[in-house]
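Worksheet: the structure to be examined is printed underneath.
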4 protein chains.
Amino acid sequence: MTREIGIGLIGAGYMGKAHAVALQAVGAVFNTALRPRCEMIATRSADGARAAAERLGFKRSTGDWRELVADPAIEAIVIASQQDTHRAISEAAFALGKPVFCEKPLAENTASAEAMVDAARASGVVNMIGFNYVRTPATQFARQLIADGAIGTLRYLHIEHTEDFLADASLPANWRTEGLANGNLGDLAPHAINCAIALGGDIAALVSDVQTVVPERGGVAVTNDDQAQCLCRFANGAMGHILSSRVAHGRKMGYAYEIHGSTGSIRFDQEDQNAVWLCRGDAPASEAGFTKILTGPAHPNYEAFCLGPGHGTGYQDQIIIEQRDFLSAIDSGQPHWLDFAHGLAVHRVLDAMVASHASGAWVELSHGESPA
Amino acid sequence: MTREIGIGLIGAGYMGKAHAVALQAVGAVFNTALRPRCEMIATRSADGARAAAERLGFKRSTGDWRELVADPAIEAIVIASQQDTHRAISEAAFALGKPVFCEKPLAENTASAEAMVDAARASGVVNMIGFNYVRTPATQFARQLIADGAIGTLRYLHIEHTEDFLADASLPANWRTEGLANGNLGDLAPHAINCAIALGGDIAALVSDVQTVVPERGGVAVTNDDQAQCLCRFANGAMGHILSSRVAHGRKMGYAYEIHGSTGSIRFDQEDQNAVWLCRGDAPASEAGFTKILTGPAHPNYEAFCLGPGHGTGYQDQIIIEQRDFLSAIDSGQPHWLDFAHGLAVHRVLDAMVASHASGAWVELSHGESPA
Amino acid sequence: MTREIGIGLIGAGYMGKAHAVALQAVGAVFNTALRPRCEMIATRSADGARAAAERLGFKRSTGDWRELVADPAIEAIVIASQQDTHRAISEAAFALGKPVFCEKPLAENTASAEAMVDAARASGVVNMIGFNYVRTPATQFARQLIADGAIGTLRYLHIEHTEDFLADASLPANWRTEGLANGNLGDLAPHAINCAIALGGDIAALVSDVQTVVPERGGVAVTNDDQAQCLCRFANGAMGHILSSRVAHGRKMGYAYEIHGSTGSIRFDQEDQNAVWLCRGDAPASEAGFTKILTGPAHPNYEAFCLGPGHGTGYQDQIIIEQRDFLSAIDSGQPHWLDFAHGLAVHRVLDAMVASHASGAWVELSHGESPA
Amino acid sequence: MTREIGIGLIGAGYMGKAHAVALQAVGAVFNTALRPRCEMIATRSADGARAAAERLGFKRSTGDWRELVADPAIEAIVIASQQDTHRAISEAAFALGKPVFCEKPLAENTASAEAMVDAARASGVVNMIGFNYVRTPATQFARQLIADGAIGTLRYLHIEHTEDFLADASLPANWRTEGLANGNLGDLAPHAINCAIALGGDIAALVSDVQTVVPERGGVAVTNDDQAQCLCRFANGAMGHILSSRVAHGRKMGYAYEIHGSTGSIRFDQEDQNAVWLCRGDAPASEAGFTKILTGPAHPNYEAFCLGPGHGTGYQDQIIIEQRDFLSAIDSGQPHWLDFAHGLAVHRVLDAMVASHASGAWVELSHGESPA
């Protein structure tokens, strides 16, 4: 038997819409026990919220997220608003015992991220962070292969998230070019770092380089970075390299990785999001190479869609998976990978990258409170 | 302002579910004027329908499609039931002036398909056929390139739909291996033929070959084909080759084409469904080649999703596009490409393939009633 | 111990040069028992031959191929002159017991090709035909896979040879656009047909289509074909499709094939000539797919180069392989795959394609004298 | 008019053979003014040299390279012997005014490399270093694109040379696993570094990481590195990342790069050595992407082969290009890119990588004597 649950969504921008669609589709897609009722949407103005409710299929709307959080018909919260609102919303929700799904990055800075993790832990309420790309069938399959030892001990991981939305130097300055949290380090790097940790485990140390490639746009100074990279060592001893860039011509969704292990390798590029390339090192020499595996019913997360082989998933499906996982966590009361602590771990690596760039030295990361 | 419309869905199998999800998602995805209300679902048994309604999010259910069609709250019908039910349902719906979206192939044979087209025309009611793959941003972009003359006059088109779901000869016989309409010619070939016509226009003549590669499965005779192909000439003079197979190891969604024109070429493979390869023949010799273009906001159907570049669409998005187009046709009262006549055109080509295989000769097709 | 052998080369054009280089390199490359001495080169004029000898490193030259064939220092002949000279040269050489390597196509027509095969058989002298692309490590590996049963019983073969050297309709007429033997059917189709036979075995029947896409170039009529294709059935029952075109924009060396067997599939494209794609149908579902195998020391013909993995071979290496095989045949006195009979077999298929295009009917091929 | 030149080759291993073939082929391939006469070969034993001369087609042989260098019939020297012999041979040759082509890496350490550059400069004799991969048509085209400003100001360069010949940890220790100069830093890293400089110009600073992944093989300690990487800044301000590994399963010739510039990007992978991927940032949004360009007659070094489009070059052709360039330098008396100074520059970057790994800090490189 299915049961309805009232959801409040905060934010009606790009990610807000993605979650609205996901909430409406997830029940039929996965036959979930909990069925979201799109109860209320909040944006910064009452008028905007009203229009968003009509557009995105919500019953009610408000210009004040506090009203939404407090509303008794709201049983769970999805945060897709600006970074600097995440903490206050989460704390208010946890205080009322309401589960929270929060878009990445977790917060506007590490201090807020720590406070959010503390609040989540203190309350014991379900909390999740939305790094969507890591939930694709492909990357879940890569994780499974690693966990199953298919490529043995990890030796080397390259992970990148490169795009070209600011590659054209003549593009004007905008909100994305102002403030550390809106730069490449606050936008694309978190996805790459989260992916690195999801595949390689904790990062033990790193040395970084960070650069503003286009220092001025239309006469306005750019105050954050365009590209950043680091060498790293994972806690398991593997070498790593993490790259992110928003000025890489030709890369539209360069969320890509190559992983070398003691008995095989894995390659992936989100631009061809339904394919994982696997090399098993024990193949006969005449058949050595990477196999292009199309994700399908035999792969994690894909099978739950009940889609035929080769039918393929897209961006929206990632958000639908997130909502399934959130509903499942709420239903079971058990935390679901990735929770706020994973979001905080990304902030810590970002801080280390900034610190290393300032000092020119390797920076070690401690993981006393590392997420599971 | 959005307005609700009551939808009745017939069938709760693979395609039924896909349409259920699409109906629930389409409003928020495309901000459609008409918003589907999942009013009633019909399957062959009342119990099955009741379970399907719960699973797929419909308000009511019935074991009798006639009840659904007749229900006054049902304003439009989506047919995702067996081929041999399409005609009767459509005729009943048209008689009541209710728009019909019908899954491919249009009917269980050409006579029924003709009757359906006649009924649709006589009633003047909106009717659509569901060849989902042709609506992807990629294939719509290919169509646009051709229409815009980007590759000039068409010279050659290869189109295939190859899969491997029956490639293993030890798989047992099932409903797919019995009866012409369930064979490769009734399943994959229609997609390939529809694609060929969508890209190359009417087919003027063809000569074919058809084969049952695995004549017996588990002691049971296979009574339909495993693979088929034809040489063809399009009405515009271009040469063509159409291939379909369900026994092609390694091909999961080999819905692929290569088109040569007088000034360029296009390549596509649905296994990498977000990429179109375009060669412009007038590039300087040192830069000649195929450009791998990721579908994005600059491409048809993708832009309407408002997805960022490289985010990518998947199978379910194709069905969501279909429902958008169906709602738009209902709203405007104008037919939307592809209507029943396009489904009939595919049946005629299938008939010609069967006839040519029997006679060993080229078969000419007339197009007096060719779809627009 | 190595031993020198005096070679006479007839022709100093594109293929003449390729063989000159091969003759000079082959000894060191493969440590052959016979070491070619570039004794004499013949072209149509004494002056041209003299310049060619200087350029290509031959000791002597002549404007008369009969002189070359008769010269006692010439122990073996390489024919890289025009098609209509192949027969007379071969007959003269065989009469003197001198081995002949002849470039493709074997002759200017089937009658001459038959005469050449007869002469070769009557004399018992070593004879070879130069279909270079079929000797690459990649295609030899594909052949080996098929012979070893790696993909089981053959079900379907698509083979093409597509290029774009006449794709631009504004290119003027030249010798390539005049006369059947110089058209696509005399140039690219033979490579595709030879490949089809090498991989799929004898062709039992076919139905074809042939087209002159650009009927006039610069006011001059084009008197041969631009593109041709056929459906075929191989003697082993497999379905086939063979395509050739010189007007396929973007294809520079579209010598490509895809083969479906009962237990796997193979894909190859000469534009990436060091890679074979193999799908083994018995892989676990989660690892199903095509493996991109780089040819290397574990593959036929590559290992003899003693090149490291991934080092890769190119066009010239194909010709060096041909010369190795020719020298080996001479040394052993044993015929080496592909001999003149294989060249004749290609002519017979070409004839069948022309006949089928004329009649519109399937044409059966007999193989009473099929090559081994 | 062509003229013969007597060449002495020192070394008959993998590279010795490659140069022997190249010397015999280069004249006919490129119609060079100077035509090599394979006069004498030297290896470490007289017997070995005699066998090598027979096998590789040299007239004479010696077990003492000093005899070869001094022989009056030897006009130029090709060094393909062990690293620690390069300096003495070069100095002896320069003293006699004989041009030297030396295989990479230039020497067994930087001190010797410096002495070799000094000796070359003092003598004024032609000297070249053999980084073969950088001379392919593809990489020369990439260099040309950069020089022509096709991708604007460089922003980011990733260059790697990854292979898997020691990926299997059960492989026994051998000469490659002993001594810094034989490790990955002495073998693959030099190719990657040379490529980085060839494409990005001088490296200004770097921070590195170096690792022995398999510390023991068959009970024998491995005394050099398996993988190494560095972040770097080029003198032009671009960010860089250089990776090399011999334990990367599935990579057979992972000599690959991706370069982002202000107006475009370039991608290349030597495993598909005849293709360069170019993205021009000013393409219309609907046609943005990487174009796969097959090297052909329109590209540097390829055109000189006079090969048709798509025919493709391989490993041996790279060595033939080197010999053409060497002969051309000798003929003109002008130095030819890459000379010994380029070899020294690579040693300096390797030293910086070792130093940075030891200190954990960025290391700056000075380029007072940077090669042109």
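Chain labels run A, B, ... following the order of the structure tokens; each chain numbers its residues from 1, and ligands are numbered from 1 in the order shown.
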Output as CSV one row per residue of range 231-321 of chain A within 10 Å of range 168-179 of chain A: the closest atom pair and its distance in Å to one decimal place, counting only C-alpha atoms, sorted by chain and residue number ascending.
residue,atom,partner,partner_atom,distance
A:Arg246,CA,A:Asp168,CA,9.9
A:Val247,CA,A:Asp168,CA,7.3
A:Ala248,CA,A:Asp168,CA,9.3
A:His249,CA,A:Asp168,CA,8.0
>> Can you tell me which residues surround Gly281 in chain D at a distance of at most 12 Å, considering only C-alpha atoms, apart from same-chain residues fewer than 4 positions away, and format the answer as a PyMOL selection string?
In response: (chain A and resi 164-170+247-252) or (chain D and resi 150-152+260-266+285-291)
>> Between CA of Val26 in chain C and CA of Met1 in chain C, what distance in Å does the model show, to one decimal?
In response: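 For CA of Val26 in chain C relative to CA of Met1 in chain C, the distance reads 15.5 Å.
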> Near range 226-231 of chain B, counting only C-alpha atoms, which residues have an atom at most 6 Å away, once you skip same-chain residues fewer than 6 positions from it, shown as a count of residues only?
Replying inline: 16
>> With 8 Å as the limit and counting only C-alpha atoms, what residues in chain D lie close to chain C? Please list them as a PyMOL selection string.
In response: chain D and resi 1-2+17+20-22+24-25+27-29+31+54-57+252-253+271-272+274+294+309-317
>> Give me, as JSON, numbers by chain, the residues of range 36-110 of chain A that a backbone DSSP run labels strand (DSSP E or B).
In response: {"A": [36, 37, 38, 39, 40, 41, 42, 60, 61, 62, 76, 77, 78, 79, 100, 101, 102, 103]}
> If you run DSSP on this backbone, which residues of range 50-234 of chain A come out as helix (DSSP H, G or I), and could you give them as a ChimeraX atom specification?
Replying inline: /A:50-56,65-70,83-95,110-123,132-135,137-147,175-177,180-182,184-200
>> Give me the residues near Pro105 in chain B as a PyMOL selection string, where near means some atom within 12 Å (using only C-alpha atoms) and where sequence neighbours in that chain fewer than 4 positions away do not count.
In response: chain B and resi 79-87+101+109-110+112-113+128-132+181-194+339-348+350
> Between B:Leu157, B:Ala142, B:Ala256, B:Val276, which is the closest to Asn236 in chain B once you count only C-alpha atoms?
Replying inline: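 Closest residue, counting only C-alpha atoms: B:Leu157.
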>> Residues within 10 Å of Gly8 in chain C, please, as a VMD selection string. Count only C-alpha atoms; anything in the same chain fewer than 2 positions from it doesn't count.
In response: chain C and resid 5 to 6 10 to 11 20 36 to 42 58 60 to 61 65 68 to 69 71 73 to 79 100
Resulting file, chosen residues, C-alpha atoms, as a short mmCIF file (atom, residue, chain, number, x, y, z; two decimals), in the first residue's frame:
data_model
loop_
_atom_site.label_atom_id
_atom_site.label_comp_id
_atom_site.auth_asym_id
_atom_site.auth_seq_id
_atom_site.Cartn_x
_atom_site.Cartn_y
_atom_site.Cartn_z
CA ILE C 5 66.26 -11.89 -54.98
CA GLY C 6 66.03 -9.52 -57.92
CA ILE C 10 56.08 -2.26 -63.03
CA GLY C 11 54.41 1.05 -62.27
CA ALA C 20 59.14 0.21 -53.67
CA PRO C 36 64.60 -8.04 -52.29
CA ARG C 37 67.12 -6.30 -54.51
CA CYS C 38 65.34 -3.45 -56.28
CA GLU C 39 66.71 -4.40 -59.65
CA MET C 40 64.56 -2.67 -62.23
CA ILE C 41 61.51 -0.47 -62.53
CA ALA C 42 59.35 -0.04 -65.60
CA PHE C 58 65.97 1.00 -58.16
CA ARG C 60 67.91 0.06 -63.46
CA SER C 61 64.89 1.22 -65.40
CA TRP C 65 57.75 -3.82 -69.19
CA LEU C 68 61.85 -6.01 -67.43
CA VAL C 69 60.01 -9.31 -67.41
CA ASP C 71 65.61 -9.59 -67.86
CA ALA C 73 68.28 -10.56 -63.14
CA ILE C 74 64.58 -10.23 -62.51
CA GLU C 75 63.39 -13.20 -60.49
CA ALA C 76 59.96 -11.94 -59.48
CA ILE C 77 57.52 -9.29 -60.67
CA VAL C 78 55.37 -6.78 -58.86
CA ILE C 79 52.58 -5.29 -60.99
CA VAL C 100 53.88 -12.37 -59.84
#
